[in-house]
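Raw upload-v8.tsv, TSV, C-alpha atoms:
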chain	number	residue	atom	x	y	z
Z	5	TYR	CA	-17.71	-5.04	0.95
Z	6	GLY	CA	-17.12	-8.66	1.97
Z	7	LEU	CA	-15.36	-8.16	5.32
Z	8	TYR	CA	-18.02	-10.08	7.23
Z	9	GLN	CA	-17.84	-12.99	4.76
Z	10	ALA	CA	-14.02	-13.05	4.89
Z	11	ARG	CA	-14.10	-13.22	8.69
Z	12	GLN	CA	-16.72	-15.98	8.61
Z	13	ALA	CA	-14.75	-18.04	6.06
Z	14	ASN	CA	-11.37	-17.73	7.81
Z	15	ARG	CA	-10.64	-18.38	11.46
Z	16	GLY	CA	-7.62	-16.32	12.44
Z	17	LEU	CA	-7.63	-14.20	9.30
Z	18	GLU	CA	-3.97	-13.98	8.23
Z	19	ARG	CA	-4.45	-11.31	5.57
Z	20	LEU	CA	-7.05	-9.33	3.71
Z	21	LEU	CA	-6.85	-8.74	-0.01
Z	22	VAL	CA	-8.28	-5.38	-1.04
Z	23	VAL	CA	-9.72	-5.14	-4.55
Z	24	GLU	CA	-11.75	-2.40	-6.20
Z	25	GLY	CA	-15.17	-3.92	-6.92
Z	26	TYR	CA	-17.64	-6.33	-5.43
Z	27	MET	CA	-17.61	-8.50	-8.58
Z	28	ASP	CA	-13.89	-9.09	-7.95
Z	29	VAL	CA	-14.73	-10.29	-4.43
Z	30	VAL	CA	-17.48	-12.60	-5.71
Z	31	ALA	CA	-15.26	-14.13	-8.44
Z	32	LEU	CA	-12.34	-14.59	-6.03
Z	33	PHE	CA	-14.58	-16.20	-3.41
Z	34	GLN	CA	-15.99	-18.59	-6.02
Z	35	ALA	CA	-12.39	-19.52	-6.97
Z	36	GLY	CA	-11.51	-20.23	-3.33
Z	37	VAL	CA	-9.80	-16.93	-2.44
Z	38	THR	CA	-11.94	-16.25	0.63
Z	39	TYR	CA	-10.03	-13.34	2.14
Z	40	ALA	CA	-10.88	-10.61	-0.40
Z	41	VAL	CA	-12.75	-7.40	0.35
Z	42	ALA	CA	-13.67	-4.49	-1.89
Z	43	SER	CA	-13.15	-0.82	-1.12
Z	44	LEU	CA	-15.94	0.08	-3.58
Z	45	GLY	CA	-14.15	3.15	-4.76
Z	46	THR	CA	-10.99	4.32	-6.37
Z	47	SER	CA	-8.92	3.96	-3.21
Z	48	THR	CA	-9.16	2.52	0.26
Z	49	THR	CA	-9.98	5.11	2.92
Z	50	THR	CA	-8.28	5.63	6.26
Z	51	GLU	CA	-11.42	4.40	8.02
Z	52	GLN	CA	-11.53	1.22	5.92
Z	53	ILE	CA	-7.86	0.54	6.71
Z	54	LYS	CA	-8.49	0.94	10.44
Z	55	LEU	CA	-11.50	-1.38	10.21
Z	56	MET	CA	-9.50	-4.07	8.37
Z	57	LEU	CA	-6.62	-3.82	10.85
Z	58	ARG	CA	-9.03	-4.89	13.59
Z	59	SER	CA	-9.23	-8.29	11.84
Z	60	THR	CA	-5.70	-8.79	10.52
Z	61	SER	CA	-2.21	-7.32	10.55
Z	62	GLU	CA	-1.56	-7.84	6.82
Z	63	ILE	CA	-3.32	-6.03	3.99
Z	64	VAL	CA	-2.49	-6.70	0.35
Z	65	CYS	CA	-3.90	-4.15	-2.09
Z	66	CYS	CA	-4.53	-5.59	-5.56
Z	67	TYR	CA	-5.11	-3.03	-8.29
Z	68	ASP	CA	-5.09	-2.99	-12.06
Z	69	GLY	CA	-1.64	-2.30	-13.51
Z	70	ASP	CA	-2.80	0.75	-15.47
Z	71	LYS	CA	-2.27	4.38	-14.51
Z	72	ALA	CA	-5.62	4.59	-12.68
Z	73	GLY	CA	-4.79	1.48	-10.62
Z	74	ARG	CA	-1.40	2.86	-9.61
Z	75	LYS	CA	-2.98	6.19	-8.69
Z	76	ALA	CA	-5.55	4.42	-6.50
Z	77	ALA	CA	-2.76	2.41	-4.85
Z	78	TRP	CA	-0.83	5.59	-4.04
Z	79	ARG	CA	-3.92	7.21	-2.48
Z	80	THR	CA	-4.38	4.05	-0.42
Z	81	LEU	CA	-0.76	4.24	0.73
Z	82	GLU	CA	-1.23	7.88	1.74
Z	83	ASN	CA	-4.38	6.95	3.66
Z	84	ALA	CA	-2.54	4.12	5.41
Z	85	LEU	CA	0.41	6.21	6.66
Z	86	PRO	CA	-1.16	7.19	10.03
Z	87	SER	CA	-1.91	3.51	10.76
Z	88	LEU	CA	1.55	2.10	10.02
Z	89	VAL	CA	2.66	0.89	13.42
Z	90	ASP	CA	5.03	-1.99	14.06
Z	91	GLY	CA	3.53	-5.37	13.30
Z	92	ILE	CA	1.38	-4.08	10.43
Z	93	GLN	CA	2.20	-5.11	6.88
Z	94	ILE	CA	0.74	-3.42	3.81
Z	95	ARG	CA	1.76	-4.63	0.38
Z	96	PHE	CA	0.79	-3.80	-3.19
Z	97	VAL	CA	0.33	-5.98	-6.26
Z	98	PHE	CA	-0.54	-4.82	-9.76
Z	99	LEU	CA	-2.12	-7.13	-12.29
Z	100	PRO	CA	-1.12	-6.90	-15.96
Z	101	ASP	CA	-2.77	-4.14	-18.00
Z	102	GLY	CA	-6.30	-5.02	-18.97
Z	103	GLU	CA	-6.72	-7.52	-16.14
Z	104	ASP	CA	-8.62	-7.21	-12.91
Z	105	PRO	CA	-8.95	-9.85	-10.18
Z	106	ASP	CA	-12.27	-11.09	-11.61
Z	107	THR	CA	-10.95	-11.74	-15.13
Z	108	TYR	CA	-7.52	-12.91	-13.95
Z	109	VAL	CA	-8.76	-15.59	-11.56
Z	110	LYS	CA	-11.31	-16.84	-14.11
Z	111	GLN	CA	-8.68	-17.12	-16.86
Z	112	TYR	CA	-5.65	-18.37	-14.90
Z	113	GLY	CA	-7.10	-19.91	-11.73
Z	114	LYS	CA	-6.59	-19.58	-7.99
Z	115	GLU	CA	-2.96	-20.78	-7.89
Z	116	ALA	CA	-1.77	-18.31	-10.55
Z	117	PHE	CA	-3.68	-15.51	-8.86
Z	118	GLU	CA	-2.19	-16.30	-5.45
Z	119	ALA	CA	1.27	-16.47	-7.07
Z	120	GLN	CA	0.71	-12.84	-8.09
Z	121	ILE	CA	-0.28	-11.99	-4.50
Z	122	ALA	CA	2.86	-13.69	-3.15
Z	123	GLN	CA	4.96	-11.30	-5.27
Z	124	ALA	CA	3.34	-8.16	-3.87
Z	125	LYS	CA	5.68	-5.22	-3.21
Z	126	ASP	CA	6.22	-4.14	0.35
Z	127	MET	CA	5.06	-0.66	1.26
Z	128	VAL	CA	8.57	0.86	1.41
Z	129	SER	CA	9.45	-0.41	-2.09
Z	130	PHE	CA	6.21	0.94	-3.54
Z	131	PHE	CA	6.73	4.24	-1.68
Z	132	TYR	CA	10.09	4.86	-3.34
Z	133	GLU	CA	9.07	3.45	-6.72
Z	134	HIS	CA	6.22	5.95	-6.86
Z	135	LEU	CA	8.36	8.89	-5.75
Z	136	TYR	CA	11.00	8.09	-8.37
Z	137	ASP	CA	8.28	7.96	-11.01
Z	138	GLU	CA	7.24	11.45	-9.86
Z	139	ILE	CA	10.79	12.78	-10.08
Z	140	GLY	CA	11.46	11.28	-13.49
Z	141	GLN	CA	14.88	10.59	-14.94
Z	142	THR	CA	16.70	13.53	-13.33
Z	143	GLU	CA	19.74	12.92	-11.18
Z	144	GLY	CA	22.00	14.91	-8.91
Z	145	GLU	CA	21.14	17.65	-6.46
Z	146	PHE	CA	17.83	18.56	-8.14
Z	147	ALA	CA	16.58	14.96	-7.88
Z	148	ARG	CA	17.65	14.71	-4.23
Z	149	SER	CA	15.92	18.02	-3.44
Z	150	LYS	CA	12.71	16.92	-5.16
Z	151	LEU	CA	12.81	13.55	-3.38
Z	152	SER	CA	13.18	15.31	-0.04
Z	153	GLN	CA	10.27	17.65	-0.86
Z	154	LEU	CA	8.02	14.72	-1.71
Z	155	ALA	CA	9.05	12.35	1.10
Z	156	GLN	CA	9.30	14.65	4.14
Z	157	PRO	CA	5.56	15.50	4.37
Z	158	LEU	CA	4.71	11.81	4.08
Z	159	LEU	CA	7.15	10.92	6.86
Z	160	GLU	CA	5.50	13.53	9.07
Z	161	GLN	CA	2.17	11.68	8.80
Z	162	MET	CA	3.61	8.43	10.11
Z	163	PRO	CA	3.71	7.31	13.74
Z	164	ASP	CA	7.09	6.30	15.14
Z	165	SER	CA	7.62	2.78	13.80
Z	166	GLU	CA	9.99	0.54	11.90
Z	167	TYR	CA	8.28	1.69	8.69
Z	168	LYS	CA	9.13	5.28	9.44
Z	169	ASN	CA	12.70	4.36	10.37
Z	170	ALA	CA	13.13	2.25	7.21
Z	171	ILE	CA	11.89	5.06	4.99
Z	172	ALA	CA	14.04	7.62	6.82
Z	173	ASP	CA	17.13	5.38	6.59
Z	174	THR	CA	16.62	4.80	2.87
Z	175	LEU	CA	15.96	8.51	2.37
Z	176	SER	CA	19.20	9.33	4.19
Z	177	VAL	CA	21.15	7.13	1.80
Z	178	LYS	CA	19.43	8.54	-1.27
Z	179	LEU	CA	19.85	12.17	-0.13
Z	180	LYS	CA	23.40	11.57	1.07
Z	181	ARG	CA	22.56	13.15	4.41
Z	182	LYS	CA	21.14	11.92	7.72
Z	183	ILE	CA	17.39	12.21	8.23
Z	184	ASP	CA	16.64	12.57	11.91
Z	185	VAL	CA	13.26	10.93	12.56
Z	186	LYS	CA	13.03	12.70	15.92
Z	187	SER	CA	13.31	16.12	14.24
Z	188	VAL	CA	10.56	15.09	11.81
Z	189	ASP	CA	8.45	14.15	14.86
Z	190	ARG	CA	9.19	17.53	16.51
Z	191	VAL	CA	8.13	19.38	13.33
Z	192	THR	CA	4.93	17.34	13.24
Z	193	GLN	CA	4.17	18.05	16.91
Z	194	ALA	CA	4.84	21.78	16.44
Z	195	LYS	CA	2.30	21.89	13.58
Z	196	ASN	CA	-0.37	20.29	15.79
Could the structure of this file be written out as structure tokens, please?
Amino acid sequence: YGLYQARQANRGLERLLVVEGYMDVVALFQAGVTYAVASLGTSTTTEQIKLMLRSTSEIVCCYDGDKAGRKAAWRTLENALPSLVDGIQIRFVFLPDGEDPDTYVKQYGKEAFEAQIAQAKDMVSFFYEHLYDEIGQTEGEFARSKLSQLAQPLLEQMPDSEYKNAIADTLSVKLKRKIDVKSVDRVTQAKN
């Protein structure tokens, strides 16, 4: 919802801001944030991501800071993995608990809202933050094994790109062993 209006309001659309509901888009537009669109669901689908990437190379997903918002953000990240080629930027921002874009922009204004957007986490940071939340407080070999179990299938979904290399490099450091992106690609091709 709102993609047409965002394209009409912005020549050379630098970024799209994805929010959950159409009322968020309306309130943001009224406040002067004219690049918001709504997924109208609990997460942004693969098809919606592909459609947005036809208009811009940067997507910022803005969700509520509660558990449901973080869950929706993770599903969006999973849906974005096949589209993460070089030159694409996907970031995530979480508003304080109890706030959504509609209420936040009305209470604090456009500048404060856009300051939140400017602090959005890059995809790789959110990727690892979420996986560490899944693992919990464990350390050592068990934690490294669990991290590998969670990350490898996600890496397999990604096209060869700097994103994939960055995640693989970070994973190598965390697992204390080299992750060969080419072998992940071979495993993926063998499954297809």
Considering all atoms listed in the file, return as number ranges by chain whatever protein or nucleic-acid residues lie within 12 Å of Arg58 (chain Z), sequence-local ones (same chain, fewer than 4 positions apart) excluded.
Z: 7, 11, 16-20, 51-54, 62-63, 87, 92
If we draw a sphere of 8 Å around (-15.0, -15.1, 2.9), which residues have at least one atom in it when counting all atoms listed in the file? Please report them as a PyMOL selection string.
chain Z and resi 6-14+33+37-40
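Across the structure, CA of Lys168 (chain Z) and CA of Val22 (chain Z) are spaced 22.9 Å apart.
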Got a sec to check which residues sit within 6 Å of (0.1, -2.7, 2.2), counting only C-alpha atoms, and write them as a list in words?
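The distance filter leaves exactly Ile63, Val64, Gln93, Ile94, Arg95, Phe96 and Met127 of chain Z.
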Write out as a compact mmCIF listing (two decimals) with C-alpha atoms, in the frame of the given file the residues lying within 8 Å of Tyr167 (chain Z), counting all atoms listed in the file and excluding same-chain residues fewer than 6 positions away.
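Everything below was put into around.txt:
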# COMPACT_ATOMS: atom_id res chain seq x y z
CA LEU Z 88 1.55 2.10 10.02
CA VAL Z 89 2.66 0.89 13.42
CA ASP Z 90 5.03 -1.99 14.06
CA VAL Z 128 8.57 0.86 1.41
To box region 151-154 of chain Z, take all atoms listed in the file, fit an axis-aligned box, add 5 Å on each side, and give centre and edge lengths in Å to one decimal, as AutoDock Vina command-line options.
--center_x 10.6 --center_y 15.6 --center_z -1.7 --size_x 15.2 --size_y 14.1 --size_z 13.3
